[in-house]
Amino acid sequence: MAYDFDLFVIGGGSGGTRCARIAAGHGARVGVAEERFWGGTCVNVGCVPKKLMVQAAEYGAWAEDARGFGWDMPRGHHDWPRFIAAKDREIDRLQGVYRTLLGKAGVTTFEARATFLDPHTLEIGGKRVTAANIVIATGSTPHKADIPGAELAGITDDLFYLPQRPARLAIVGGGYSAVEFASIFAGLGSEVHLIYRQPLPLRGFDHELRQALAENLLAQGLHLHRGVIPTHIALDGVCDAQRRVHLSDTTELAVDYVIMTTGRIPNVASLGLDRAGVALNAQGAVAVDAGSRTNVAHVYAIGDVTDRLNLTPVAIAEGHALADTLFGGQPREASHENVPTAVFSSPPLATVGLTEEEAIRRGPMDIYVTRFTPMRHTLTGRHGRRALIKLVVDQKSQKVLGAHMLGEDAAEIMQGIGIALRMGATKQDFDRTIGIHPTAAEEFVTMRTRTRVAAAAEAAE
Ligand code: NDP
C-alpha cells in the first residue's frame, strides 16, 4: 500500500523536529503536526525562556557584587514587563527558526492536532493522512498535586507570561523546576517560599550536593519549608489577588502567587492511541523498547511522552537515532548512560554519572570533595555562593563514576567532564590533566587527598 508519508511525527518539539529533519535529510517523505507552538516546551515554556530568566535574575546581584571591586553601582529596579516583552520577541524568533529548519529540510508541516484513526492513519485538522511509520513526540504537561484550592495555583507555563512579578511567591515541589524558579524569583527580588516534602530538595541528586545547595539557598534568604506538603490553598479573604497556603506543619503563608511544580505527565490523552493499539506502561507513558519502538511495530515514541530521561537533549538524541535507524542505514539506540545534567539554581549545579549513594551499591568508593568560596566572592562578600566539587571514584578500577559540582558555571564545566566520563576516565587521568589557573574547574584535576572511603553500610539516606 502507498502511504502519503514514509514518516509522520506527532509533535514539533525538540525531539520531533530533530527526528523529522534528519529523516527528510535521508530522503524520506516526512510530515509533522504541531498543535500549540513549534519548538515545544523547551523553546516556549521551558529551558530557553527559563535560562533567559536565570540571566535576568543574575544582574541585580552582579551590580551589588561590583561594589566589592570598587564600582559604585546601584542595584536599580527590574522592569518585568520590559524583560518579558524582550523574552517573547526572542521566543517568536526561535519559533520561526524551527519552522524554517523544517521547511528547508523538505518536511510538510501541519499546524493542528493529530489523532490516530487506525494504526497507519491520522486525522489532522479534518484531513486524513497515512504514514508507513509514525512517531509520537507529544511531550509532557505540568501536573498539579491534587489538594483543595489547587485551581488557585499556577503551573510553570504561567510564570513566563505573568503581567507582574509577584512580590511574594510560594513554590510547591522540590524538583528541577521548583529550585530553578525559586532562585530566579529570589534573584529578581521576590520573597520566595520553597515547599517540599523531602528533607532536602532535588531527590535523586547526590546527597552532599543537595545539602550544599540547601545551605546556599538558606544563606541567600530563601524560605525553605522542608518535609511538608501544602494541605490547601485559599483566597486571602481580604484581597482576591492574594493567596493563603496552609502547610502540613500548620504554617500559613500569605503570598501573591502560588505555583505547583509537582511533576509532569506524558501527553497521551486524546491521541486515539487505543485505535492504533499502542500500549502505555504502568506510569501512563507510552511503553517503548531501547530503540524507541512501541508494541506496534511501525509506531515509535520519543522524549517526555515515554517518561525515560526527561531532558531535551535526550529527546533530540532519541529522535536522531530513530531517523538514522529507519532511513539512514545506521541502526543505533540513543544512550541513556552518563547523561550530564544541570539545575540552573543560584548557584547552578551540574552532575554526570552516579551519585555517591548509587555508586556504593557497586562496591567501595573513593570520595574526593572540596568546598570553597569562589575567588570572586572573597571580594564581594556575597552570602550563599559556596561551591562544592566532588568525584566518586571506584576504588578497585579507579574509574571516575560520578562528578558533581555546585557553583558558578557548573553547567558549562560539566559538559567537558561528561566527555571524560563517557570515555571511561580514571582518577589518574584527571590527576594527569593540568589545571587552568585560577579557575574553579581546576579543582576537578587537583584534588589529591581522598576525603573518605564510602561503602554501602556507611551510606547516607
Ligand atoms: P520533578 O518531577 O523533577 O519534581 C517534582 C517535585 O514535586 C518533586 O520534588 C516531588 O517530590 C514533588 N511532588 C510531586 N507530587 C507531589 C505532591 N503530591 N505533593 C507535594 N510534592 C509533590 O518535576 P519538575 O516539573 O521540576 O521537572 C520535570 C522534569 O523535567 C525533571 O525531572 C527534568 O527531567 C525536566 N527538567 C529539566 C530541567 C533542566 O534540565 N534544567 C529543568 C526543569 C525540568 P518527591 O521528590 O518527594 O517525589
# chains A, B, ... in the order shown; residues from 1 in each chain; ligands from 1
>>> residues_around(residues="segment 440-450 of chain A", least_positions_apart="2", cutoff="6 Å", atoms="only C-alpha atoms", output="PyMOL selection string")
chain A and resi 368+430-431+435-436+452
>>> write_last_selection(atoms="all heavy atoms", output="PDB file, in the first residue's frame")
ATOM      1  N   TYR A 368      36.249  12.153  46.750  1.00  0.00           N
ATOM      2  CA  TYR A 368      37.041  13.375  46.806  1.00  0.00           C
ATOM      3  C   TYR A 368      36.063  14.554  46.806  1.00  0.00           C
ATOM      4  O   TYR A 368      35.243  14.666  45.895  1.00  0.00           O
ATOM      5  CB  TYR A 368      37.959  13.488  45.583  1.00  0.00           C
ATOM      6  CG  TYR A 368      39.014  12.406  45.525  1.00  0.00           C
ATOM      7  CD1 TYR A 368      38.704  11.145  45.014  1.00  0.00           C
ATOM      8  CD2 TYR A 368      40.302  12.653  45.980  1.00  0.00           C
ATOM      9  CE1 TYR A 368      39.660  10.145  44.969  1.00  0.00           C
ATOM     10  CE2 TYR A 368      41.274  11.657  45.938  1.00  0.00           C
ATOM     11  CZ  TYR A 368      40.942  10.395  45.433  1.00  0.00           C
ATOM     12  OH  TYR A 368      41.895   9.420  45.392  1.00  0.00           O
ATOM     13  N   PHE A 430      42.403  12.206  35.442  1.00  0.00           N
ATOM     14  CA  PHE A 430      42.087  13.536  35.956  1.00  0.00           C
ATOM     15  C   PHE A 430      43.357  14.168  36.546  1.00  0.00           C
ATOM     16  O   PHE A 430      43.667  15.319  36.278  1.00  0.00           O
ATOM     17  CB  PHE A 430      40.990  13.466  37.042  1.00  0.00           C
ATOM     18  CG  PHE A 430      39.575  13.464  36.495  1.00  0.00           C
ATOM     19  CD1 PHE A 430      39.114  12.406  35.729  1.00  0.00           C
ATOM     20  CD2 PHE A 430      38.700  14.520  36.745  1.00  0.00           C
ATOM     21  CE1 PHE A 430      37.811  12.402  35.228  1.00  0.00           C
ATOM     22  CE2 PHE A 430      37.401  14.530  36.258  1.00  0.00           C
ATOM     23  CZ  PHE A 430      36.951  13.459  35.491  1.00  0.00           C
ATOM     24  N   ASP A 431      44.093  13.377  37.344  1.00  0.00           N
ATOM     25  CA  ASP A 431      45.292  13.901  38.025  1.00  0.00           C
ATOM     26  C   ASP A 431      46.358  14.343  37.028  1.00  0.00           C
ATOM     27  O   ASP A 431      47.117  15.278  37.284  1.00  0.00           O
ATOM     28  CB  ASP A 431      45.906  12.828  38.944  1.00  0.00           C
ATOM     29  CG  ASP A 431      45.000  12.501  40.128  1.00  0.00           C
ATOM     30  OD1 ASP A 431      44.058  13.273  40.378  1.00  0.00           O
ATOM     31  OD2 ASP A 431      45.220  11.462  40.776  1.00  0.00           O
ATOM     32  N   GLY A 435      45.712  21.745  35.433  1.00  0.00           N
ATOM     33  CA  GLY A 435      44.623  22.671  35.736  1.00  0.00           C
ATOM     34  C   GLY A 435      44.788  23.999  35.013  1.00  0.00           C
ATOM     35  O   GLY A 435      45.895  24.357  34.592  1.00  0.00           O
ATOM     36  N   ILE A 436      43.705  24.703  34.837  1.00  0.00           N
ATOM     37  CA  ILE A 436      43.753  26.074  34.301  1.00  0.00           C
ATOM     38  C   ILE A 436      43.620  26.990  35.506  1.00  0.00           C
ATOM     39  O   ILE A 436      42.609  26.933  36.206  1.00  0.00           O
ATOM     40  CB  ILE A 436      42.619  26.329  33.300  1.00  0.00           C
ATOM     41  CG1 ILE A 436      42.713  25.348  32.129  1.00  0.00           C
ATOM     42  CG2 ILE A 436      42.647  27.774  32.812  1.00  0.00           C
ATOM     43  CD1 ILE A 436      41.554  25.436  31.159  1.00  0.00           C
ATOM     44  N   ARG A 452      37.333  10.537  51.843  1.00  0.00           N
ATOM     45  CA  ARG A 452      36.881   9.376  52.627  1.00  0.00           C
ATOM     46  C   ARG A 452      36.675   8.198  51.689  1.00  0.00           C
ATOM     47  O   ARG A 452      36.602   8.363  50.462  1.00  0.00           O
ATOM     48  CB  ARG A 452      35.573   9.687  53.374  1.00  0.00           C
ATOM     49  CG  ARG A 452      34.413  10.010  52.476  1.00  0.00           C
ATOM     50  CD  ARG A 452      33.121  10.296  53.240  1.00  0.00           C
ATOM     51  NE  ARG A 452      32.074  10.653  52.288  1.00  0.00           N
ATOM     52  CZ  ARG A 452      31.815  11.874  51.880  1.00  0.00           C
ATOM     53  NH1 ARG A 452      32.530  12.891  52.306  1.00  0.00           N
ATOM     54  NH2 ARG A 452      30.853  12.099  50.997  1.00  0.00           N
TER      55      ARG A 452
END
>>> residues_near_ligand(ligand="ligand 1", cutoff="8 Å", atoms="only C-alpha atoms and all ligand atoms", output="PyMOL selection string")
chain A and resi 46-47+142-147+156+172-180+195-198+201-204+228-230+260-264+309-312+341-344
>>> residues_around(residues="Met414 of chain A", least_positions_apart="2", cutoff="12 Å", atoms="only C-alpha atoms", output="JSON, numbers by chain")
{"A": [338, 339, 340, 341, 342, 343, 348, 349, 350, 351, 352, 353, 389, 390, 391, 402, 403, 404, 405, 406, 407, 408, 409, 410, 411, 412, 416, 417, 418, 419, 420, 421, 440, 441, 444]}
>>> atom_distance(atom1="atom CA of Glu356 of chain A", atom2="atom CA of Lys427 of chain A")
15.4 Å
>>> select_by_dssp(residues="segment 317-417 of chain A", states="strand (DSSP E)", output="PyMOL selection string")
chain A and resi 341-343+349-353+365-372+387-394+400-406
>>> write_last_selection(atoms="C-alpha atoms", output="JSON list (two decimals), in the first residue's frame")
[["chain", "number", "residue", "atom", "x", "y", "z"],
["A", 341, "THR", "CA", 22.51, 17.42, 33.50],
["A", 342, "ALA", "CA", 22.30, 20.79, 35.23],
["A", 343, "VAL", "CA", 19.88, 22.56, 37.51],
["A", 349, "LEU", "CA", 24.61, 22.66, 40.00],
["A", 350, "ALA", "CA", 25.57, 20.06, 37.46],
["A", 351, "THR", "CA", 26.28, 16.41, 37.54],
["A", 352, "VAL", "CA", 27.24, 13.42, 35.41],
["A", 353, "GLY", "CA", 27.33, 9.75, 36.29],
["A", 365, "MET", "CA", 34.24, 4.18, 46.50],
["A", 366, "ASP", "CA", 37.00, 6.75, 46.99],
["A", 367, "ILE", "CA", 35.31, 10.08, 47.53],
["A", 368, "TYR", "CA", 37.04, 13.37, 46.81],
["A", 369, "VAL", "CA", 35.26, 16.54, 47.90],
["A", 370, "THR", "CA", 36.29, 20.15, 48.08],
["A", 371, "ARG", "CA", 34.25, 23.12, 49.25],
["A", 372, "PHE", "CA", 35.38, 26.66, 48.75],
["A", 387, "ALA", "CA", 30.98, 25.94, 45.83],
["A", 388, "LEU", "CA", 31.31, 22.17, 46.07],
["A", 389, "ILE", "CA", 33.16, 19.86, 43.72],
["A", 390, "LYS", "CA", 33.04, 16.11, 44.15],
["A", 391, "LEU", "CA", 34.35, 13.00, 42.42],
["A", 392, "VAL", "CA", 33.08, 9.48, 43.08],
["A", 393, "VAL", "CA", 35.82, 7.01, 42.15],
["A", 394, "ASP", "CA", 35.53, 3.23, 42.03],
["A", 400, "VAL", "CA", 35.53, 8.06, 37.90],
["A", 401, "LEU", "CA", 31.88, 7.03, 38.13],
["A", 402, "GLY", "CA", 30.39, 10.36, 39.15],
["A", 403, "ALA", "CA", 31.26, 14.05, 39.01],
["A", 404, "HIS", "CA", 29.22, 16.69, 40.80],
["A", 405, "MET", "CA", 29.52, 20.43, 41.09],
["A", 406, "LEU", "CA", 27.64, 23.23, 42.77]]
>>> atom_distance(atom1="atom CA of Tyr161 of chain A", atom2="atom CA of Ile84 of chain A")
7.2 Å
>>> atom_distance(atom1="atom CA of Pro49 of chain A", atom2="atom CA of Asp88 of chain A")
8.4 Å
>>> select_by_dssp(residues="segment 178-348 of chain A", states="alpha helix (DSSP H)", output="JSON, numbers by chain")
{"A": [178, 179, 180, 181, 182, 183, 184, 185, 186, 187, 188, 207, 208, 209, 210, 211, 212, 213, 214, 215, 216, 217, 218, 219, 273, 274, 275, 276, 312, 313, 314, 315, 316, 317, 318, 319, 320, 321, 322, 323, 324, 325, 326, 327]}
>>> residues_around(residues="Ala114 of chain A", least_positions_apart="3", cutoff="12 Å", atoms="only C-alpha atoms", output="PyMOL selection string")
chain A and resi 8-12+31-36+109-111+117-118+121-130+134-138+268-273
>>> residues_around(residues="Asn216 of chain A", least_positions_apart="4", cutoff="7 Å", atoms="only C-alpha atoms", output="list in words")
Ala212, Gln220, Gly384, Arg385 and Arg386 of chain A
>>> residues_around(residues="Ala323 of chain A", least_positions_apart="4", cutoff="8 Å", atoms="only C-alpha atoms", output="list in words")
Cys19, Ala20, Ile22, Ala23, Gly319, Phe327 and Gly328 of chain A
>>> residues_around(residues="Gly237 of chain A", least_positions_apart="6", cutoff="12 Å", atoms="only C-alpha atoms", output="PyMOL selection string")
chain A and resi 243-244+254
>>> write_last_selection(atoms="N, CA and C atoms", output="mmCIF file, in the first residue's frame")
data_model
loop_
_atom_site.group_PDB
_atom_site.id
_atom_site.type_symbol
_atom_site.label_atom_id
_atom_site.label_comp_id
_atom_site.auth_asym_id
_atom_site.auth_seq_id
_atom_site.Cartn_x
_atom_site.Cartn_y
_atom_site.Cartn_z
ATOM 1 N N ARG A 243 -3.059 34.909 48.052
ATOM 2 C CA ARG A 243 -3.370 33.517 48.390
ATOM 3 C C ARG A 243 -2.847 33.185 49.786
ATOM 4 N N ARG A 244 -3.539 32.241 50.426
ATOM 5 C CA ARG A 244 -3.023 31.705 51.687
ATOM 6 C C ARG A 244 -2.718 30.230 51.480
ATOM 7 N N ALA A 254 1.113 33.820 53.564
ATOM 8 C CA ALA A 254 0.366 34.786 52.749
ATOM 9 C C ALA A 254 1.274 35.196 51.594
#
>>> closest_residue(among="A:Met423, A:Gly187, A:Pro364, A:Tyr98", to="Glu64 of chain A", atoms="only C-alpha atoms")
A:Gly187
>>> closest_residue(among="A:Ala66, A:Leu235, A:Ala182, A:Leu7", to="Gly27 of chain A", atoms="only C-alpha atoms")
A:Leu7
>>> decode(residues="segment 146-290 of chain A", atoms="C-alpha atoms", output="PDB file, in the first residue's frame")
ATOM      1  CA  ASP A 146      -4.477  17.166  43.979  1.00  0.00           C
ATOM      2  CA  ILE A 147      -5.189  19.354  47.015  1.00  0.00           C
ATOM      3  CA  PRO A 148      -8.093  21.648  47.848  1.00  0.00           C
ATOM      4  CA  GLY A 149      -7.555  25.010  46.189  1.00  0.00           C
ATOM      5  CA  ALA A 150      -5.134  23.656  43.570  1.00  0.00           C
ATOM      6  CA  GLU A 151      -7.015  25.715  40.965  1.00  0.00           C
ATOM      7  CA  LEU A 152      -5.667  28.851  42.688  1.00  0.00           C
ATOM      8  CA  ALA A 153      -2.094  27.791  41.879  1.00  0.00           C
ATOM      9  CA  GLY A 154      -0.328  28.296  38.566  1.00  0.00           C
ATOM     10  CA  ILE A 155       1.985  25.949  36.673  1.00  0.00           C
ATOM     11  CA  THR A 156       5.446  26.669  35.280  1.00  0.00           C
ATOM     12  CA  ASP A 157       3.982  27.689  31.897  1.00  0.00           C
ATOM     13  CA  ASP A 158       2.135  30.579  33.609  1.00  0.00           C
ATOM     14  CA  LEU A 159       5.304  32.080  35.096  1.00  0.00           C
ATOM     15  CA  PHE A 160       6.536  33.004  31.628  1.00  0.00           C
ATOM     16  CA  TYR A 161       3.562  35.260  30.966  1.00  0.00           C
ATOM     17  CA  LEU A 162       2.810  36.906  34.324  1.00  0.00           C
ATOM     18  CA  PRO A 163       1.918  40.583  33.823  1.00  0.00           C
ATOM     19  CA  GLN A 164       3.792  41.462  37.019  1.00  0.00           C
ATOM     20  CA  ARG A 165       6.443  39.811  39.116  1.00  0.00           C
ATOM     21  CA  PRO A 166       4.870  38.539  42.359  1.00  0.00           C
ATOM     22  CA  ALA A 167       6.440  40.188  45.389  1.00  0.00           C
ATOM     23  CA  ARG A 168       5.803  37.022  47.465  1.00  0.00           C
ATOM     24  CA  LEU A 169       5.830  33.641  45.776  1.00  0.00           C
ATOM     25  CA  ALA A 170       5.180  30.131  47.113  1.00  0.00           C
ATOM     26  CA  ILE A 171       6.582  27.240  45.093  1.00  0.00           C
ATOM     27  CA  VAL A 172       5.338  23.714  45.810  1.00  0.00           C
ATOM     28  CA  GLY A 173       7.771  20.932  44.861  1.00  0.00           C
ATOM     29  CA  GLY A 174      11.462  20.250  45.241  1.00  0.00           C
ATOM     30  CA  GLY A 175      12.476  19.177  41.747  1.00  0.00           C
ATOM     31  CA  TYR A 176      14.376  20.915  38.953  1.00  0.00           C
ATOM     32  CA  SER A 177      11.675  23.495  38.213  1.00  0.00           C
ATOM     33  CA  ALA A 178      11.000  24.335  41.855  1.00  0.00           C
ATOM     34  CA  VAL A 179      14.630  25.058  42.622  1.00  0.00           C
ATOM     35  CA  GLU A 180      15.224  26.956  39.395  1.00  0.00           C
ATOM     36  CA  PHE A 181      12.212  29.249  39.758  1.00  0.00           C
ATOM     37  CA  ALA A 182      12.921  29.769  43.442  1.00  0.00           C
ATOM     38  CA  SER A 183      16.370  31.064  42.515  1.00  0.00           C
ATOM     39  CA  ILE A 184      15.067  33.174  39.644  1.00  0.00           C
ATOM     40  CA  PHE A 185      12.399  34.985  41.630  1.00  0.00           C
ATOM     41  CA  ALA A 186      14.599  35.418  44.688  1.00  0.00           C
ATOM     42  CA  GLY A 187      17.255  36.905  42.393  1.00  0.00           C
ATOM     43  CA  LEU A 188      14.717  39.340  40.978  1.00  0.00           C
ATOM     44  CA  GLY A 189      13.814  40.458  44.487  1.00  0.00           C
ATOM     45  CA  SER A 190      10.735  38.395  45.420  1.00  0.00           C
ATOM     46  CA  GLU A 191      10.189  36.786  48.813  1.00  0.00           C
ATOM     47  CA  VAL A 192      10.290  33.077  47.955  1.00  0.00           C
ATOM     48  CA  HIS A 193       8.860  30.148  49.916  1.00  0.00           C
ATOM     49  CA  LEU A 194      10.004  26.739  48.664  1.00  0.00           C
ATOM     50  CA  ILE A 195       7.764  23.943  49.968  1.00  0.00           C
ATOM     51  CA  TYR A 196       8.988  20.353  49.546  1.00  0.00           C
ATOM     52  CA  ARG A 197       8.120  17.060  51.154  1.00  0.00           C
ATOM     53  CA  GLN A 198      11.653  15.597  51.376  1.00  0.00           C
ATOM     54  CA  PRO A 199      14.280  16.672  53.923  1.00  0.00           C
ATOM     55  CA  LEU A 200      16.224  18.231  51.029  1.00  0.00           C
ATOM     56  CA  PRO A 201      15.323  19.421  47.524  1.00  0.00           C
ATOM     57  CA  LEU A 202      16.295  17.501  44.351  1.00  0.00           C
ATOM     58  CA  ARG A 203      15.640  13.901  45.315  1.00  0.00           C
ATOM     59  CA  GLY A 204      17.814  11.642  43.189  1.00  0.00           C
ATOM     60  CA  PHE A 205      20.801  14.004  43.097  1.00  0.00           C
ATOM     61  CA  ASP A 206      23.921  13.427  45.216  1.00  0.00           C
ATOM     62  CA  HIS A 207      23.029  13.902  48.891  1.00  0.00           C
ATOM     63  CA  GLU A 208      26.030  16.094  49.697  1.00  0.00           C
ATOM     64  CA  LEU A 209      25.289  18.305  46.695  1.00  0.00           C
ATOM     65  CA  ARG A 210      21.647  18.671  47.770  1.00  0.00           C
ATOM     66  CA  GLN A 211      22.748  19.627  51.256  1.00  0.00           C
ATOM     67  CA  ALA A 212      25.207  22.226  49.955  1.00  0.00           C
ATOM     68  CA  LEU A 213      22.522  23.702  47.693  1.00  0.00           C
ATOM     69  CA  ALA A 214      20.021  23.978  50.553  1.00  0.00           C
ATOM     70  CA  GLU A 215      22.656  25.719  52.717  1.00  0.00           C
ATOM     71  CA  ASN A 216      23.307  28.247  49.946  1.00  0.00           C
ATOM     72  CA  LEU A 217      19.604  28.910  49.384  1.00  0.00           C
ATOM     73  CA  LEU A 218      19.087  29.457  53.110  1.00  0.00           C
ATOM     74  CA  ALA A 219      22.090  31.790  53.291  1.00  0.00           C
ATOM     75  CA  GLN A 220      20.567  33.798  50.443  1.00  0.00           C
ATOM     76  CA  GLY A 221      17.408  34.327  52.481  1.00  0.00           C
ATOM     77  CA  LEU A 222      15.012  31.946  50.735  1.00  0.00           C
ATOM     78  CA  HIS A 223      12.379  30.410  52.996  1.00  0.00           C
ATOM     79  CA  LEU A 224      12.759  26.632  52.874  1.00  0.00           C
ATOM     80  CA  HIS A 225       9.768  24.656  54.181  1.00  0.00           C
ATOM     81  CA  ARG A 226      11.208  21.140  54.261  1.00  0.00           C
ATOM     82  CA  GLY A 227       9.425  17.867  54.934  1.00  0.00           C
ATOM     83  CA  VAL A 228       5.971  19.394  54.496  1.00  0.00           C
ATOM     84  CA  ILE A 229       3.170  19.426  51.947  1.00  0.00           C
ATOM     85  CA  PRO A 230       0.518  22.053  51.357  1.00  0.00           C
ATOM     86  CA  THR A 231      -2.815  20.872  52.748  1.00  0.00           C
ATOM     87  CA  HIS A 232      -4.893  23.525  50.995  1.00  0.00           C
ATOM     88  CA  ILE A 233      -4.694  26.838  49.220  1.00  0.00           C
ATOM     89  CA  ALA A 234      -7.278  29.541  49.793  1.00  0.00           C
ATOM     90  CA  LEU A 235      -8.089  33.059  48.680  1.00  0.00           C
ATOM     91  CA  ASP A 236      -6.778  35.645  51.085  1.00  0.00           C
ATOM     92  CA  GLY A 237     -10.272  36.833  52.043  1.00  0.00           C
ATOM     93  CA  VAL A 238      -9.297  40.479  52.004  1.00  0.00           C
ATOM     94  CA  CYS A 239      -7.511  40.823  48.697  1.00  0.00           C
ATOM     95  CA  ASP A 240      -8.569  38.418  45.906  1.00  0.00           C
ATOM     96  CA  ALA A 241      -5.183  38.694  44.249  1.00  0.00           C
ATOM     97  CA  GLN A 242      -3.522  37.132  47.288  1.00  0.00           C
ATOM     98  CA  ARG A 243      -3.370  33.517  48.390  1.00  0.00           C
ATOM     99  CA  ARG A 244      -3.023  31.705  51.687  1.00  0.00           C
ATOM    100  CA  VAL A 245      -1.089  28.444  51.596  1.00  0.00           C
ATOM    101  CA  HIS A 246      -1.682  26.094  54.533  1.00  0.00           C
ATOM    102  CA  LEU A 247       1.120  23.623  55.224  1.00  0.00           C
ATOM    103  CA  SER A 248       1.047  20.251  56.969  1.00  0.00           C
ATOM    104  CA  ASP A 249       3.147  21.662  59.849  1.00  0.00           C
ATOM    105  CA  THR A 250       0.310  24.220  60.423  1.00  0.00           C
ATOM    106  CA  THR A 251       2.313  27.107  58.964  1.00  0.00           C
ATOM    107  CA  GLU A 252       0.168  29.529  56.973  1.00  0.00           C
ATOM    108  CA  LEU A 253       1.806  31.596  54.258  1.00  0.00           C
ATOM    109  CA  ALA A 254       0.366  34.786  52.749  1.00  0.00           C
ATOM    110  CA  VAL A 255       1.659  35.217  49.211  1.00  0.00           C
ATOM    111  CA  ASP A 256       0.809  36.921  45.920  1.00  0.00           C
ATOM    112  CA  TYR A 257       1.211  33.849  43.742  1.00  0.00           C
ATOM    113  CA  VAL A 258       1.457  30.080  44.190  1.00  0.00           C
ATOM    114  CA  ILE A 259       2.965  27.751  41.670  1.00  0.00           C
ATOM    115  CA  MET A 260       2.908  23.969  41.694  1.00  0.00           C
ATOM    116  CA  THR A 261       5.929  22.267  40.190  1.00  0.00           C
ATOM    117  CA  THR A 262       4.832  18.822  41.304  1.00  0.00           C
ATOM    118  CA  GLY A 263       5.951  16.883  38.254  1.00  0.00           C
ATOM    119  CA  ARG A 264       4.793  16.364  34.691  1.00  0.00           C
ATOM    120  CA  ILE A 265       2.579  13.802  32.975  1.00  0.00           C
ATOM    121  CA  PRO A 266       3.048  12.374  29.463  1.00  0.00           C
ATOM    122  CA  ASN A 267       0.787  13.872  26.780  1.00  0.00           C
ATOM    123  CA  VAL A 268      -1.141  10.776  25.717  1.00  0.00           C
ATOM    124  CA  ALA A 269      -4.758  11.934  26.133  1.00  0.00           C
ATOM    125  CA  SER A 270      -6.966  12.286  23.020  1.00  0.00           C
ATOM    126  CA  LEU A 271      -4.322  10.888  20.673  1.00  0.00           C
ATOM    127  CA  GLY A 272      -6.506   7.896  19.803  1.00  0.00           C
ATOM    128  CA  LEU A 273      -3.748   5.521  20.923  1.00  0.00           C
ATOM    129  CA  ASP A 274      -6.350   2.800  21.511  1.00  0.00           C
ATOM    130  CA  ARG A 275      -7.353   2.957  17.815  1.00  0.00           C
ATOM    131  CA  ALA A 276      -3.711   2.301  16.910  1.00  0.00           C
ATOM    132  CA  GLY A 277      -3.331  -0.371  19.622  1.00  0.00           C
ATOM    133  CA  VAL A 278      -0.400   1.471  21.246  1.00  0.00           C
ATOM    134  CA  ALA A 279       0.157   0.349  24.858  1.00  0.00           C
ATOM    135  CA  LEU A 280       1.043   2.509  27.833  1.00  0.00           C
ATOM    136  CA  ASN A 281       3.242   1.462  30.762  1.00  0.00           C
ATOM    137  CA  ALA A 282       2.132   1.393  34.403  1.00  0.00           C
ATOM    138  CA  GLN A 283       3.045   5.078  34.803  1.00  0.00           C
ATOM    139  CA  GLY A 284       0.831   6.128  31.887  1.00  0.00           C
ATOM    140  CA  ALA A 285       3.701   6.826  29.478  1.00  0.00           C
ATOM    141  CA  VAL A 286       3.991   5.268  26.018  1.00  0.00           C
ATOM    142  CA  ALA A 287       5.876   1.999  26.532  1.00  0.00           C
ATOM    143  CA  VAL A 288       8.916   1.655  24.257  1.00  0.00           C
ATOM    144  CA  ASP A 289      11.994  -0.530  23.862  1.00  0.00           C
ATOM    145  CA  ALA A 290      15.582   0.780  23.750  1.00  0.00           C
TER     146      ALA A 290
END
